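Visitor: Sending over coords_15.cif (mmCIF, N, CA and C atoms).
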data_upload
#
loop_
_atom_site.label_atom_id
_atom_site.label_comp_id
_atom_site.auth_asym_id
_atom_site.auth_seq_id
_atom_site.Cartn_x
_atom_site.Cartn_y
_atom_site.Cartn_z
N MET A 224 17.72 41.43 -80.44
CA MET A 224 16.70 40.72 -81.21
C MET A 224 15.57 40.34 -80.26
N ASN A 225 14.35 40.69 -80.63
CA ASN A 225 13.23 40.36 -79.76
C ASN A 225 12.83 38.89 -79.92
N GLN A 226 11.94 38.43 -79.06
CA GLN A 226 11.57 37.00 -79.03
C GLN A 226 10.91 36.56 -80.33
N THR A 227 10.07 37.39 -80.93
CA THR A 227 9.39 37.03 -82.18
C THR A 227 10.38 36.84 -83.30
N SER A 228 11.35 37.75 -83.42
CA SER A 228 12.33 37.62 -84.50
C SER A 228 13.26 36.43 -84.26
N GLN A 229 13.53 36.09 -82.99
CA GLN A 229 14.34 34.90 -82.70
C GLN A 229 13.60 33.64 -83.12
N GLN A 230 12.30 33.59 -82.85
CA GLN A 230 11.51 32.43 -83.25
C GLN A 230 11.44 32.31 -84.76
N GLN A 231 11.30 33.45 -85.45
CA GLN A 231 11.25 33.42 -86.92
C GLN A 231 12.58 32.96 -87.49
N ALA A 232 13.68 33.38 -86.87
CA ALA A 232 15.01 32.98 -87.35
C ALA A 232 15.25 31.49 -87.13
N ALA A 233 14.71 30.94 -86.04
CA ALA A 233 14.92 29.52 -85.73
C ALA A 233 13.99 28.61 -86.52
N ALA A 234 12.87 29.13 -87.01
CA ALA A 234 11.88 28.31 -87.70
C ALA A 234 12.45 27.54 -88.89
N PRO A 235 13.25 28.15 -89.78
CA PRO A 235 13.78 27.36 -90.91
C PRO A 235 14.69 26.22 -90.45
N LEU A 236 15.43 26.41 -89.35
CA LEU A 236 16.29 25.34 -88.84
C LEU A 236 15.47 24.17 -88.35
N ARG A 237 14.35 24.44 -87.68
CA ARG A 237 13.52 23.36 -87.17
C ARG A 237 12.90 22.55 -88.29
N GLN A 238 12.66 23.17 -89.42
CA GLN A 238 12.02 22.48 -90.53
C GLN A 238 13.05 21.87 -91.48
N SER A 239 14.30 22.13 -91.25
CA SER A 239 15.36 21.69 -92.14
C SER A 239 15.73 20.23 -91.90
N ASN A 240 16.08 19.53 -92.97
CA ASN A 240 16.58 18.16 -92.85
C ASN A 240 18.00 18.13 -92.29
N VAL A 241 18.68 19.27 -92.34
CA VAL A 241 20.05 19.32 -91.84
C VAL A 241 20.05 19.19 -90.32
N TYR A 242 18.98 19.63 -89.67
CA TYR A 242 18.87 19.56 -88.23
C TYR A 242 17.61 18.79 -87.85
N PRO A 243 17.55 17.48 -88.16
CA PRO A 243 16.33 16.73 -87.91
C PRO A 243 16.03 16.53 -86.43
N PHE A 244 17.02 16.81 -85.57
CA PHE A 244 16.83 16.55 -84.15
C PHE A 244 16.26 17.73 -83.40
N LEU A 245 16.07 18.90 -84.07
CA LEU A 245 15.44 20.02 -83.40
C LEU A 245 13.94 19.81 -83.38
N PRO A 246 13.30 20.12 -82.26
CA PRO A 246 11.85 19.92 -82.21
C PRO A 246 11.13 20.88 -83.14
N THR A 247 10.04 20.44 -83.71
CA THR A 247 9.24 21.29 -84.56
C THR A 247 8.17 21.98 -83.74
N ASN A 248 7.60 23.03 -84.26
CA ASN A 248 6.59 23.80 -83.53
C ASN A 248 5.34 22.99 -83.25
N ASN A 249 5.04 21.98 -84.07
CA ASN A 249 3.81 21.22 -83.90
C ASN A 249 3.98 20.02 -82.96
N ARG A 250 5.11 19.92 -82.30
CA ARG A 250 5.38 18.82 -81.37
C ARG A 250 5.31 19.33 -79.94
N SER A 251 4.57 18.66 -79.12
CA SER A 251 4.48 19.07 -77.72
C SER A 251 5.78 18.72 -76.99
N ARG A 252 5.96 19.30 -75.82
CA ARG A 252 7.16 19.01 -75.04
C ARG A 252 7.24 17.52 -74.70
N THR A 253 6.12 16.90 -74.34
CA THR A 253 6.10 15.47 -74.02
C THR A 253 6.49 14.63 -75.22
N GLN A 254 5.95 14.97 -76.37
CA GLN A 254 6.31 14.23 -77.59
C GLN A 254 7.79 14.40 -77.89
N GLY A 255 8.30 15.61 -77.69
CA GLY A 255 9.72 15.87 -77.93
C GLY A 255 10.60 15.07 -76.98
N GLN A 256 10.19 14.97 -75.71
CA GLN A 256 10.96 14.19 -74.75
C GLN A 256 10.92 12.71 -75.10
N ARG A 257 9.76 12.24 -75.53
CA ARG A 257 9.62 10.83 -75.93
C ARG A 257 10.50 10.55 -77.15
N ALA A 258 10.51 11.48 -78.09
CA ALA A 258 11.33 11.32 -79.29
C ALA A 258 12.81 11.29 -78.92
N ASN A 259 13.22 12.19 -78.01
CA ASN A 259 14.62 12.22 -77.59
C ASN A 259 15.02 10.90 -76.93
N ARG A 260 14.13 10.35 -76.09
CA ARG A 260 14.42 9.05 -75.47
C ARG A 260 14.55 7.96 -76.52
N CYS A 261 13.67 8.00 -77.53
CA CYS A 261 13.71 7.01 -78.62
C CYS A 261 15.07 7.06 -79.33
N TRP A 262 15.49 8.26 -79.71
CA TRP A 262 16.78 8.41 -80.39
C TRP A 262 17.92 7.93 -79.50
N GLN A 263 17.87 8.31 -78.22
CA GLN A 263 18.94 7.95 -77.28
C GLN A 263 19.03 6.43 -77.11
N GLU A 264 17.89 5.77 -76.92
CA GLU A 264 17.89 4.31 -76.77
C GLU A 264 18.42 3.62 -78.01
N LEU A 265 17.99 4.09 -79.19
CA LEU A 265 18.46 3.47 -80.42
C LEU A 265 19.96 3.70 -80.62
N ALA A 266 20.42 4.89 -80.27
CA ALA A 266 21.85 5.19 -80.40
C ALA A 266 22.69 4.32 -79.48
N GLU A 267 22.18 4.07 -78.28
CA GLU A 267 22.92 3.23 -77.33
C GLU A 267 22.96 1.77 -77.77
N ASN A 268 21.94 1.32 -78.50
CA ASN A 268 21.84 -0.08 -78.89
C ASN A 268 22.36 -0.39 -80.29
N HIS A 269 22.63 0.64 -81.08
CA HIS A 269 23.09 0.43 -82.46
C HIS A 269 24.28 1.34 -82.75
N ASN A 270 25.34 0.75 -83.22
CA ASN A 270 26.52 1.51 -83.62
C ASN A 270 26.48 1.65 -85.14
N VAL A 271 26.23 2.85 -85.65
CA VAL A 271 26.10 3.03 -87.10
C VAL A 271 27.44 2.84 -87.81
N ARG A 272 28.52 2.77 -87.06
CA ARG A 272 29.84 2.51 -87.65
C ARG A 272 30.10 1.02 -87.83
N GLU A 273 29.29 0.18 -87.20
CA GLU A 273 29.41 -1.28 -87.32
C GLU A 273 28.00 -1.87 -87.34
N LEU A 274 27.34 -1.73 -88.46
CA LEU A 274 25.93 -2.09 -88.54
C LEU A 274 25.71 -3.11 -89.65
N HIS A 275 25.11 -4.21 -89.31
CA HIS A 275 24.73 -5.23 -90.29
C HIS A 275 23.50 -4.70 -91.04
N PRO A 276 23.38 -4.99 -92.33
CA PRO A 276 22.23 -4.50 -93.09
C PRO A 276 20.87 -4.86 -92.49
N ASP A 277 20.76 -6.06 -91.91
CA ASP A 277 19.50 -6.43 -91.25
C ASP A 277 19.23 -5.55 -90.03
N GLU A 278 20.29 -5.24 -89.31
CA GLU A 278 20.16 -4.37 -88.14
C GLU A 278 19.79 -2.94 -88.57
N ALA A 279 20.35 -2.51 -89.71
CA ALA A 279 20.00 -1.18 -90.24
C ALA A 279 18.51 -1.12 -90.58
N ALA A 280 17.99 -2.20 -91.14
CA ALA A 280 16.57 -2.25 -91.47
C ALA A 280 15.70 -2.21 -90.21
N ARG A 281 16.12 -2.92 -89.17
CA ARG A 281 15.37 -2.90 -87.90
C ARG A 281 15.42 -1.51 -87.26
N LEU A 282 16.58 -0.90 -87.29
CA LEU A 282 16.75 0.45 -86.76
C LEU A 282 15.84 1.43 -87.50
N ALA A 283 15.83 1.34 -88.81
CA ALA A 283 14.99 2.22 -89.63
C ALA A 283 13.52 2.00 -89.32
N ARG A 284 13.13 0.76 -89.17
CA ARG A 284 11.73 0.44 -88.86
C ARG A 284 11.33 1.04 -87.51
N GLN A 285 12.21 0.95 -86.51
CA GLN A 285 11.91 1.51 -85.20
C GLN A 285 11.78 3.03 -85.27
N LEU A 286 12.65 3.68 -86.01
CA LEU A 286 12.55 5.13 -86.16
C LEU A 286 11.28 5.53 -86.90
N TYR A 287 10.92 4.75 -87.91
CA TYR A 287 9.71 5.04 -88.67
C TYR A 287 8.47 4.85 -87.80
N GLN A 288 8.42 3.76 -87.05
CA GLN A 288 7.26 3.49 -86.19
C GLN A 288 7.13 4.54 -85.09
N ALA A 289 8.24 5.14 -84.70
CA ALA A 289 8.21 6.21 -83.69
C ALA A 289 7.86 7.55 -84.33
N GLY A 290 7.74 7.57 -85.66
CA GLY A 290 7.39 8.81 -86.35
C GLY A 290 8.55 9.76 -86.54
N GLU A 291 9.78 9.24 -86.44
CA GLU A 291 10.97 10.09 -86.51
C GLU A 291 11.58 10.20 -87.90
N ILE A 292 11.27 9.27 -88.79
CA ILE A 292 11.75 9.35 -90.17
C ILE A 292 10.58 9.10 -91.11
N THR A 293 10.78 9.45 -92.37
CA THR A 293 9.72 9.28 -93.36
C THR A 293 9.74 7.86 -93.94
N LEU A 294 8.69 7.55 -94.67
CA LEU A 294 8.63 6.26 -95.34
C LEU A 294 9.75 6.13 -96.36
N LEU A 295 10.07 7.21 -97.04
CA LEU A 295 11.18 7.20 -98.00
C LEU A 295 12.49 6.88 -97.29
N ASP A 296 12.73 7.52 -96.14
CA ASP A 296 13.95 7.23 -95.37
C ASP A 296 14.00 5.77 -94.95
N LEU A 297 12.86 5.24 -94.52
CA LEU A 297 12.76 3.83 -94.14
C LEU A 297 13.17 2.95 -95.32
N GLY A 298 12.64 3.25 -96.48
CA GLY A 298 12.96 2.45 -97.67
C GLY A 298 14.43 2.52 -98.04
N ILE A 299 15.00 3.70 -97.99
CA ILE A 299 16.42 3.85 -98.35
C ILE A 299 17.30 3.08 -97.38
N LEU A 300 17.05 3.23 -96.09
CA LEU A 300 17.87 2.54 -95.10
C LEU A 300 17.63 1.04 -95.11
N SER A 301 16.40 0.62 -95.32
CA SER A 301 16.07 -0.82 -95.27
C SER A 301 16.51 -1.56 -96.51
N LEU A 302 16.25 -0.99 -97.66
CA LEU A 302 16.50 -1.70 -98.91
C LEU A 302 17.90 -1.48 -99.45
N ASN A 303 18.41 -0.27 -99.36
CA ASN A 303 19.70 0.03 -99.96
C ASN A 303 20.87 -0.38 -99.08
N SER A 304 20.63 -0.63 -97.80
CA SER A 304 21.72 -0.93 -96.89
C SER A 304 22.42 -2.24 -97.24
N GLY A 305 21.71 -3.17 -97.84
CA GLY A 305 22.28 -4.47 -98.14
C GLY A 305 23.08 -4.51 -99.42
N TYR A 306 22.97 -3.47 -100.23
CA TYR A 306 23.69 -3.48 -101.50
C TYR A 306 25.15 -3.11 -101.30
N LEU A 307 25.96 -3.55 -102.21
CA LEU A 307 27.37 -3.20 -102.14
C LEU A 307 27.57 -1.72 -102.38
N SER A 308 28.60 -1.20 -101.82
CA SER A 308 28.91 0.20 -101.96
C SER A 308 29.35 0.53 -103.38
N LEU A 309 29.20 1.78 -103.74
CA LEU A 309 29.71 2.26 -105.02
C LEU A 309 31.23 2.36 -104.99
N ASN A 310 31.77 2.46 -103.81
CA ASN A 310 33.19 2.62 -103.63
C ASN A 310 33.87 1.25 -103.70
N ALA A 311 34.76 1.06 -104.66
CA ALA A 311 35.42 -0.23 -104.87
C ALA A 311 36.26 -0.64 -103.67
N ASN A 312 36.76 0.32 -102.89
CA ASN A 312 37.60 0.02 -101.74
C ASN A 312 36.79 -0.28 -100.49
N TYR A 313 35.50 -0.19 -100.57
CA TYR A 313 34.66 -0.30 -99.37
C TYR A 313 34.76 -1.66 -98.70
N ASP A 314 34.88 -2.75 -99.49
CA ASP A 314 34.92 -4.08 -98.91
C ASP A 314 36.05 -4.25 -97.91
N ALA A 315 37.14 -3.53 -98.10
CA ALA A 315 38.27 -3.62 -97.19
C ALA A 315 37.93 -3.02 -95.83
N ARG A 316 36.94 -2.14 -95.79
CA ARG A 316 36.58 -1.50 -94.53
C ARG A 316 35.56 -2.30 -93.74
N SER A 317 34.87 -3.23 -94.36
CA SER A 317 33.84 -3.99 -93.63
C SER A 317 34.49 -5.20 -92.98
N ASN A 318 33.92 -5.65 -91.86
CA ASN A 318 34.53 -6.78 -91.18
C ASN A 318 33.88 -8.10 -91.63
N ASN A 319 34.31 -9.21 -91.05
CA ASN A 319 33.89 -10.53 -91.51
C ASN A 319 32.41 -10.81 -91.35
N SER A 320 31.75 -10.18 -90.41
CA SER A 320 30.33 -10.47 -90.19
C SER A 320 29.44 -9.62 -91.09
N LYS A 321 30.01 -8.99 -92.06
CA LYS A 321 29.30 -8.15 -93.04
C LYS A 321 28.73 -6.88 -92.41
N GLN A 322 29.24 -6.53 -91.23
CA GLN A 322 28.85 -5.25 -90.67
C GLN A 322 29.52 -4.16 -91.48
N GLN A 323 28.83 -3.02 -91.58
CA GLN A 323 29.35 -1.94 -92.40
C GLN A 323 29.31 -0.64 -91.62
N ASP A 324 30.20 0.26 -91.99
CA ASP A 324 30.14 1.63 -91.48
C ASP A 324 29.12 2.34 -92.36
N MET A 325 27.86 2.33 -91.91
CA MET A 325 26.77 2.87 -92.71
C MET A 325 26.91 4.37 -92.92
N LEU A 326 27.47 5.07 -91.95
CA LEU A 326 27.64 6.50 -92.08
C LEU A 326 28.62 6.81 -93.22
N THR A 327 29.72 6.10 -93.26
CA THR A 327 30.69 6.29 -94.35
C THR A 327 30.09 5.88 -95.68
N GLU A 328 29.35 4.78 -95.69
CA GLU A 328 28.69 4.31 -96.91
C GLU A 328 27.79 5.40 -97.51
N PHE A 329 26.94 5.99 -96.69
CA PHE A 329 26.02 6.99 -97.22
C PHE A 329 26.72 8.31 -97.53
N ARG A 330 27.79 8.63 -96.81
CA ARG A 330 28.58 9.82 -97.17
C ARG A 330 29.22 9.62 -98.54
N ASP A 331 29.72 8.40 -98.79
CA ASP A 331 30.29 8.08 -100.11
C ASP A 331 29.24 8.20 -101.21
N ARG A 332 28.02 7.79 -100.90
CA ARG A 332 26.93 7.90 -101.88
C ARG A 332 26.62 9.36 -102.21
N VAL A 333 26.64 10.22 -101.18
CA VAL A 333 26.39 11.65 -101.41
C VAL A 333 27.47 12.21 -102.33
N ILE A 334 28.72 11.86 -102.08
CA ILE A 334 29.82 12.34 -102.91
C ILE A 334 29.66 11.86 -104.35
N GLU A 335 29.30 10.59 -104.51
CA GLU A 335 29.09 10.02 -105.85
C GLU A 335 27.92 10.71 -106.55
N ASP A 336 26.87 10.99 -105.80
CA ASP A 336 25.71 11.69 -106.38
C ASP A 336 26.09 13.10 -106.82
N GLN A 337 26.97 13.76 -106.06
CA GLN A 337 27.44 15.09 -106.46
C GLN A 337 28.22 15.01 -107.76
N ARG A 338 29.09 14.03 -107.87
CA ARG A 338 29.88 13.85 -109.09
C ARG A 338 28.99 13.61 -110.31
N ASN A 339 27.90 12.88 -110.11
CA ASN A 339 26.99 12.54 -111.20
C ASN A 339 25.88 13.57 -111.39
N ASN A 340 25.92 14.66 -110.63
CA ASN A 340 24.86 15.68 -110.68
C ASN A 340 23.48 15.08 -110.48
N ASP A 341 23.39 14.13 -109.57
CA ASP A 341 22.12 13.48 -109.26
C ASP A 341 21.55 14.13 -108.00
N GLN A 342 20.85 15.24 -108.21
CA GLN A 342 20.35 16.06 -107.11
C GLN A 342 19.36 15.31 -106.22
N ARG A 343 18.46 14.54 -106.81
CA ARG A 343 17.45 13.84 -106.04
C ARG A 343 18.07 12.82 -105.09
N ASN A 344 18.93 11.95 -105.62
CA ASN A 344 19.57 10.95 -104.76
C ASN A 344 20.51 11.60 -103.75
N GLN A 345 21.16 12.68 -104.16
CA GLN A 345 22.04 13.39 -103.24
C GLN A 345 21.24 13.90 -102.04
N THR A 346 20.08 14.49 -102.29
CA THR A 346 19.22 14.99 -101.22
C THR A 346 18.75 13.85 -100.32
N ASN A 347 18.30 12.76 -100.93
CA ASN A 347 17.82 11.61 -100.16
C ASN A 347 18.93 11.00 -99.32
N ASN A 348 20.09 10.80 -99.92
CA ASN A 348 21.21 10.20 -99.18
C ASN A 348 21.74 11.14 -98.10
N GLN A 349 21.67 12.46 -98.35
CA GLN A 349 22.11 13.41 -97.32
C GLN A 349 21.20 13.34 -96.11
N ARG A 350 19.90 13.14 -96.33
CA ARG A 350 18.98 12.98 -95.19
C ARG A 350 19.38 11.76 -94.35
N ILE A 351 19.76 10.68 -95.02
CA ILE A 351 20.18 9.47 -94.30
C ILE A 351 21.48 9.76 -93.52
N VAL A 352 22.40 10.50 -94.13
CA VAL A 352 23.63 10.89 -93.43
C VAL A 352 23.28 11.68 -92.18
N ASP A 353 22.32 12.60 -92.28
CA ASP A 353 21.91 13.39 -91.12
C ASP A 353 21.36 12.50 -90.00
N ILE A 354 20.54 11.53 -90.37
CA ILE A 354 19.96 10.60 -89.39
C ILE A 354 21.05 9.78 -88.71
N LEU A 355 21.95 9.22 -89.52
CA LEU A 355 23.02 8.38 -88.98
C LEU A 355 24.01 9.20 -88.15
N THR A 356 24.25 10.44 -88.56
CA THR A 356 25.14 11.33 -87.81
C THR A 356 24.56 11.61 -86.43
N LYS A 357 23.27 11.87 -86.38
CA LYS A 357 22.62 12.11 -85.09
C LYS A 357 22.80 10.91 -84.18
N LEU A 358 22.56 9.71 -84.71
CA LEU A 358 22.72 8.50 -83.90
C LEU A 358 24.17 8.32 -83.45
N ASP A 359 25.10 8.62 -84.34
CA ASP A 359 26.52 8.48 -84.02
C ASP A 359 26.93 9.47 -82.92
N ILE A 360 26.45 10.70 -83.01
CA ILE A 360 26.78 11.71 -82.00
C ILE A 360 26.18 11.32 -80.65
N LEU A 361 24.92 10.90 -80.66
CA LEU A 361 24.28 10.49 -79.40
C LEU A 361 25.01 9.31 -78.77
N ARG A 362 25.43 8.37 -79.60
CA ARG A 362 26.18 7.20 -79.07
C ARG A 362 27.51 7.66 -78.48
N SER A 363 28.21 8.54 -79.16
CA SER A 363 29.49 9.05 -78.68
C SER A 363 29.33 9.77 -77.35
N CYS A 364 28.27 10.58 -77.25
CA CYS A 364 28.02 11.32 -76.00
C CYS A 364 27.68 10.36 -74.86
N SER A 365 26.85 9.37 -75.14
CA SER A 365 26.47 8.45 -74.06
C SER A 365 27.66 7.61 -73.62
N THR A 366 28.55 7.27 -74.54
CA THR A 366 29.75 6.52 -74.21
C THR A 366 30.71 7.40 -73.40
N ALA A 367 30.85 8.65 -73.82
CA ALA A 367 31.78 9.56 -73.15
C ALA A 367 31.34 9.87 -71.72
N TYR A 368 30.03 9.94 -71.52
CA TYR A 368 29.53 10.30 -70.20
C TYR A 368 29.09 9.06 -69.40
N GLY A 369 29.33 7.90 -69.93
CA GLY A 369 29.05 6.67 -69.19
C GLY A 369 27.59 6.36 -68.99
N ASN A 370 26.74 6.82 -69.88
CA ASN A 370 25.29 6.53 -69.77
C ASN A 370 24.96 5.21 -70.38
#
Could you express the structure from this file as structure tokens?

Guide:
Amino acid sequence: MNQTSQQQAAAPLRQSNVYPFLPTNNRSRTQGQRANRCWQELAENHNVRELHPDEAARLARQLYQAGEITLLDLGILSLNSGYLSLNANYDARSNNSKQQDMLTEFRDRVIEDQRNNDQRNQTNNQRIVDILTKLDILRSCSTAYGN
């Protein structure tokens, strides 16, 4: 495969919400490095598996101000994070300080949206799952490597 066809094959992945952490063609190397540092710092300071709704809103605001998520993503993470889960068993998983496993919460929402054939909310909630998954992976890597 020549270089042009490799770039064409990679282009849909860079534009996909499934891989929000891949740099886009319109981002310079410096901007990409700055964005990577932003994600890494936020991942080290926030555990998406134990996140208070207020902390989720602050995290979302920081990502939005850095230009890493959309206004819609900001709204979903900021406003919806404080609501009770659709899953009746969810309260048993949260601890006393009202911290929540936000990744599990939004995965549950995607599953519920699939059951209800709610394509729009499923797409929106899946984007949030992608964002939280990236933060969770970065946190796991930094913990594993002692960074």

Visitor: With distances taken over only C-alpha atoms, which of A:Leu282, A:Leu302, A:Cys364, A:Val271 is nearest to Asp324 of chain A?

Guide: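 Closest candidate: A:Val271.
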
Visitor: If we count only N, CA and C atoms, what is near segment 325-341 of chain A at a cut-off of 7 Å, once residues fewer than 4 positions away on the same chain are taken out, given as number ranges by chain?

Guide: A: 270-274, 308-310, 345-346, 348-349, 351-352, 355-356

Visitor: Just list as number ranges by chain whatever in segment 257-360 of chain A DSSP marks as helix (DSSP H, G or I).

Guide: A: 257-268, 276-288, 294-303, 313-316, 325-338, 342-360

Visitor: By how many Å are atom CA of Ile292 of chain A and atom CA of Ser363 of chain A apart?

Guide: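 So the two atoms, atom CA of Ile292 of chain A and atom CA of Ser363 of chain A, lie 21.1 Å apart.
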
Visitor: Go through A:Gln285, A:Gln263, A:His275, A:Leu295 and flag the residue nearest Lys321 of chain A, using all atoms listed in the file for the distances.

Guide: A:His275

Visitor: Closest to Ile299 of chain A among A:Asn268, A:Asn347, A:Ser365, A:Gln342, using all atoms listed in the file?

Guide: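 Under the stated criterion, the closest residue is A:Asn347.
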
Visitor: Which value, in Å to one decimal, gives the distance between atom CA of Gln322 of chain A and atom CA of Gly290 of chain A?

Guide: 26.0 Å

Visitor: Between atom CA of Arg343 of chain A and atom CA of Asp359 of chain A, what is the distance in Å, rounded to a tenth?

Guide: 24.4 Å
